[in-house]
Amino acid sequence: GRGKVVIYNEGVFSGECVLETAKIGENRMLPHCLENGVKIIIEDQNSSNVLTNINIADGIAVQSHLQTYKTTYLLHNKKEEAFDVAIQYMNHYHGQVELSYDTEVIKSCEKMENSSRLYLKLEPNQKLNLTINETNIASQTASIAGNFLWIRSNILATNNDLASNPTIQECIALQSDLDGLHQDEKNCEIKVSKLIERSNRTRQNADSMSKIADNNQLASWIKELTDAENEIKKTQDDLIPAIHLKRKIATKKLNEAIGKINASWTSTTVKTCS
């Protein structure tokens, strides 16, 4: 339920607030008044997301990241008496979140859904710095079947040690062959484009000069056009289809090699917020 709540402390009115929608049996913190004698300030917050593991098998890659969120609080009790404090810490990550803190300061911790409540006691006029480290392991799964781009982006571009794995080295070599075939096809297309452009100029020259050109010049133009047409036909009918076939075979070999990768890596230098 939800609604207005009036708070009494040992029979003395302490404040009031509105209870937001809550589940049956749920434990909620109710901010019902302002405490002027105790100040709590968030001094610093920072986070890190570090890759810790890569496992590849059967065309599936799983990456694990250690996520860490560090929060530092400054607490100051201005009162001449001890004061019990409860800090409602909202989780920044989802999953199996773990909190670490000074157990000499925090007397108890109550875990809730998406948050934790930490209890401590401030002595009279005490100032205290409290750091809470939240950690979580997050995993990402990707299908890399026929996807060398994943290997290029997540292993080669990051200089990961897995780049030296023999099965990945084989994939790198096969992709290099594919890149070469792609360049060969591109070169053929450029060649055809240049031959067509040159033939068009020759044809324009022949048309404009046909009435004054001698037979030798006409024969030269005709031969040039014929040679160009033959070269274009050979490139389009023979060379490019042959390259397409080689690319098809090379792609199949690469996909099979990616599917056979069985490799794992674990970071030896994991750094977290500290």
# chains A, B, ... in the order shown; residues from 1 in each chain; ligands from 1

call {"tool": "residues_around", "arguments": {"residues": "Gly180 (chain A)", "least_positions_apart": "5", "cutoff": "12 Å", "atoms": "only C-alpha atoms", "output": "PyMOL selection string"}}
result
chain A and resi 173-175+185-187+243+246-247+250

call {"tool": "closest_atom_pairs", "arguments": {"of": "region 101-210 of chain A", "to": "region 57-80 of chain A", "cutoff": "10 Å", "atoms": "only C-alpha atoms", "output": "tab-separated table"}}
result
residue	atom	partner	partner_atom	distance
A:Lys121	CA	A:Asn77	CA	9.7
A:Leu122	CA	A:Asn77	CA	6.3
A:Glu123	CA	A:Asn77	CA	7.2
A:Pro124	CA	A:Glu80	CA	4.8
A:Asn125	CA	A:Lys78	CA	4.8
A:Gln126	CA	A:Asn77	CA	5.3
A:Lys127	CA	A:His76	CA	4.4
A:Leu128	CA	A:Leu75	CA	5.1
A:Asn129	CA	A:Leu74	CA	4.7
A:Leu130	CA	A:Tyr73	CA	5.1
A:Thr131	CA	A:Thr72	CA	4.3
A:Ile132	CA	A:Thr71	CA	5.3
A:Asn133	CA	A:Lys70	CA	4.6
A:Glu134	CA	A:Tyr69	CA	5.0
A:Thr135	CA	A:Thr68	CA	4.5
A:Asn136	CA	A:Gln67	CA	5.1
A:Ile137	CA	A:Leu66	CA	4.9
A:Ala138	CA	A:His65	CA	5.2
A:Ser139	CA	A:Ser64	CA	4.4
A:Gln140	CA	A:Gln63	CA	5.1
A:Thr141	CA	A:Val62	CA	4.5
A:Ala142	CA	A:Ala61	CA	5.3
A:Ser143	CA	A:Ile60	CA	4.7
A:Ile144	CA	A:Gly59	CA	5.3
A:Ala145	CA	A:Gly59	CA	5.0
A:Gly146	CA	A:Gly59	CA	8.5
A:Asn147	CA	A:Gly59	CA	9.2
A:Trp150	CA	A:Ala61	CA	9.2
A:Ile151	CA	A:Ala61	CA	9.6
A:Asn154	CA	A:Gln63	CA	9.6

call {"tool": "write_last_selection", "arguments": {"atoms": "N, CA and C atoms", "output": "mmCIF file, in the first residue's frame"}}
result
data_model
loop_
_atom_site.group_PDB
_atom_site.id
_atom_site.type_symbol
_atom_site.label_atom_id
_atom_site.label_comp_id
_atom_site.auth_asym_id
_atom_site.auth_seq_id
_atom_site.Cartn_x
_atom_site.Cartn_y
_atom_site.Cartn_z
ATOM 1 N N LYS A 121 27.610 3.590 13.917
ATOM 2 C CA LYS A 121 27.394 4.509 15.027
ATOM 3 C C LYS A 121 28.480 5.558 15.021
ATOM 4 N N LEU A 122 28.057 6.831 15.040
ATOM 5 C CA LEU A 122 28.994 7.946 15.112
ATOM 6 C C LEU A 122 29.118 8.409 16.557
ATOM 7 N N GLU A 123 30.345 8.513 17.011
ATOM 8 C CA GLU A 123 30.582 9.017 18.359
ATOM 9 C C GLU A 123 30.386 10.538 18.377
ATOM 10 N N PRO A 124 30.264 11.130 19.559
ATOM 11 C CA PRO A 124 30.069 12.595 19.634
ATOM 12 C C PRO A 124 31.185 13.357 18.909
ATOM 13 N N ASN A 125 30.783 14.313 18.058
ATOM 14 C CA ASN A 125 31.709 15.181 17.306
ATOM 15 C C ASN A 125 32.665 14.408 16.388
ATOM 16 N N GLN A 126 32.291 13.229 16.031
ATOM 17 C CA GLN A 126 33.179 12.407 15.197
ATOM 18 C C GLN A 126 33.033 12.748 13.714
ATOM 19 N N LYS A 127 34.192 12.811 13.012
ATOM 20 C CA LYS A 127 34.223 12.902 11.557
ATOM 21 C C LYS A 127 34.734 11.576 11.012
ATOM 22 N N LEU A 128 34.123 11.129 9.935
ATOM 23 C CA LEU A 128 34.475 9.800 9.440
ATOM 24 C C LEU A 128 34.407 9.774 7.916
ATOM 25 N N ASN A 129 35.424 9.194 7.290
ATOM 26 C CA ASN A 129 35.384 8.916 5.853
ATOM 27 C C ASN A 129 35.060 7.442 5.662
ATOM 28 N N LEU A 130 34.042 7.173 4.869
ATOM 29 C CA LEU A 130 33.606 5.797 4.629
ATOM 30 C C LEU A 130 33.598 5.526 3.131
ATOM 31 N N THR A 131 34.283 4.465 2.713
ATOM 32 C CA THR A 131 34.322 4.095 1.299
ATOM 33 C C THR A 131 33.618 2.761 1.101
ATOM 34 N N ILE A 132 32.721 2.737 0.153
ATOM 35 C CA ILE A 132 32.003 1.511 -0.199
ATOM 36 C C ILE A 132 32.370 1.138 -1.626
ATOM 37 N N ASN A 133 32.855 -0.072 -1.810
ATOM 38 C CA ASN A 133 33.172 -0.588 -3.141
ATOM 39 C C ASN A 133 32.137 -1.624 -3.539
ATOM 40 N N GLU A 134 31.480 -1.356 -4.650
ATOM 41 C CA GLU A 134 30.479 -2.283 -5.193
ATOM 42 C C GLU A 134 31.086 -3.003 -6.388
ATOM 43 N N THR A 135 31.043 -4.325 -6.378
ATOM 44 C CA THR A 135 31.613 -5.093 -7.490
ATOM 45 C C THR A 135 30.576 -6.054 -8.062
ATOM 46 N N ASN A 136 30.720 -6.312 -9.345
ATOM 47 C CA ASN A 136 29.792 -7.201 -10.033
ATOM 48 C C ASN A 136 30.503 -7.816 -11.230
ATOM 49 N N ILE A 137 30.230 -9.068 -11.501
ATOM 50 C CA ILE A 137 30.761 -9.731 -12.689
ATOM 51 C C ILE A 137 29.663 -9.782 -13.744
ATOM 52 N N ALA A 138 29.913 -9.157 -14.888
ATOM 53 C CA ALA A 138 28.943 -9.138 -15.993
ATOM 54 C C ALA A 138 29.503 -9.926 -17.168
ATOM 55 N N SER A 139 28.658 -10.693 -17.808
ATOM 56 C CA SER A 139 29.084 -11.518 -18.946
ATOM 57 C C SER A 139 28.333 -11.124 -20.207
ATOM 58 N N GLN A 140 29.052 -11.188 -21.325
ATOM 59 C CA GLN A 140 28.458 -10.927 -22.633
ATOM 60 C C GLN A 140 28.737 -12.134 -23.529
ATOM 61 N N THR A 141 27.709 -12.592 -24.208
ATOM 62 C CA THR A 141 27.843 -13.747 -25.098
ATOM 63 C C THR A 141 27.572 -13.313 -26.531
ATOM 64 N N ALA A 142 28.437 -13.746 -27.439
ATOM 65 C CA ALA A 142 28.280 -13.376 -28.851
ATOM 66 C C ALA A 142 28.549 -14.592 -29.729
ATOM 67 N N SER A 143 27.757 -14.722 -30.780
ATOM 68 C CA SER A 143 28.018 -15.751 -31.778
ATOM 69 C C SER A 143 29.027 -15.198 -32.774
ATOM 70 N N ILE A 144 30.149 -15.891 -32.929
ATOM 71 C CA ILE A 144 31.179 -15.401 -33.844
ATOM 72 C C ILE A 144 31.253 -16.262 -35.101
ATOM 73 N N ALA A 145 30.262 -17.118 -35.294
ATOM 74 C CA ALA A 145 30.237 -17.952 -36.500
ATOM 75 C C ALA A 145 30.205 -17.051 -37.731
ATOM 76 N N GLY A 146 31.209 -17.167 -38.601
ATOM 77 C CA GLY A 146 31.274 -16.345 -39.802
ATOM 78 C C GLY A 146 31.495 -14.878 -39.507
ATOM 79 N N ASN A 147 32.016 -14.573 -38.327
ATOM 80 C CA ASN A 147 32.146 -13.162 -37.916
ATOM 81 C C ASN A 147 33.590 -12.878 -37.497
ATOM 82 N N TRP A 150 34.385 -9.728 -35.163
ATOM 83 C CA TRP A 150 34.438 -9.816 -33.705
ATOM 84 C C TRP A 150 35.873 -10.081 -33.257
ATOM 85 N N ILE A 151 36.562 -10.986 -33.946
ATOM 86 C CA ILE A 151 37.955 -11.290 -33.607
ATOM 87 C C ILE A 151 38.826 -10.065 -33.821
ATOM 88 N N ASN A 154 37.781 -7.402 -30.939
ATOM 89 C CA ASN A 154 37.926 -7.751 -29.532
ATOM 90 C C ASN A 154 39.246 -8.426 -29.177
#

call {"tool": "select_by_dssp", "arguments": {"residues": "region 16-250 of chain A", "states": "strand (DSSP E)", "output": "ChimeraX atom specification"}}
result
/A:16-19,38-57,60-77,83-90,98-100,106-112,115-122,127-143

call {"tool": "atom_distance", "arguments": {"atom1": "CA of Asn27 (chain A)", "atom2": "CA of Tyr89 (chain A)"}}
result
14.1 Å

call {"tool": "residues_around", "arguments": {"residues": "Gln169 (chain A)", "least_positions_apart": "4", "cutoff": "12 Å", "atoms": "only C-alpha atoms", "output": "count of residues only"}}
result
19

call {"tool": "select_by_dssp", "arguments": {"residues": "region 26-220 of chain A", "states": "helix (DSSP H, G or I)", "output": "ChimeraX atom specification"}}
result
/A:148-156,161-164,166-209,215-220

call {"tool": "atom_distance", "arguments": {"atom1": "CA of Lys111 (chain A)", "atom2": "CA of Val6 (chain A)"}}
result
25.7 Å
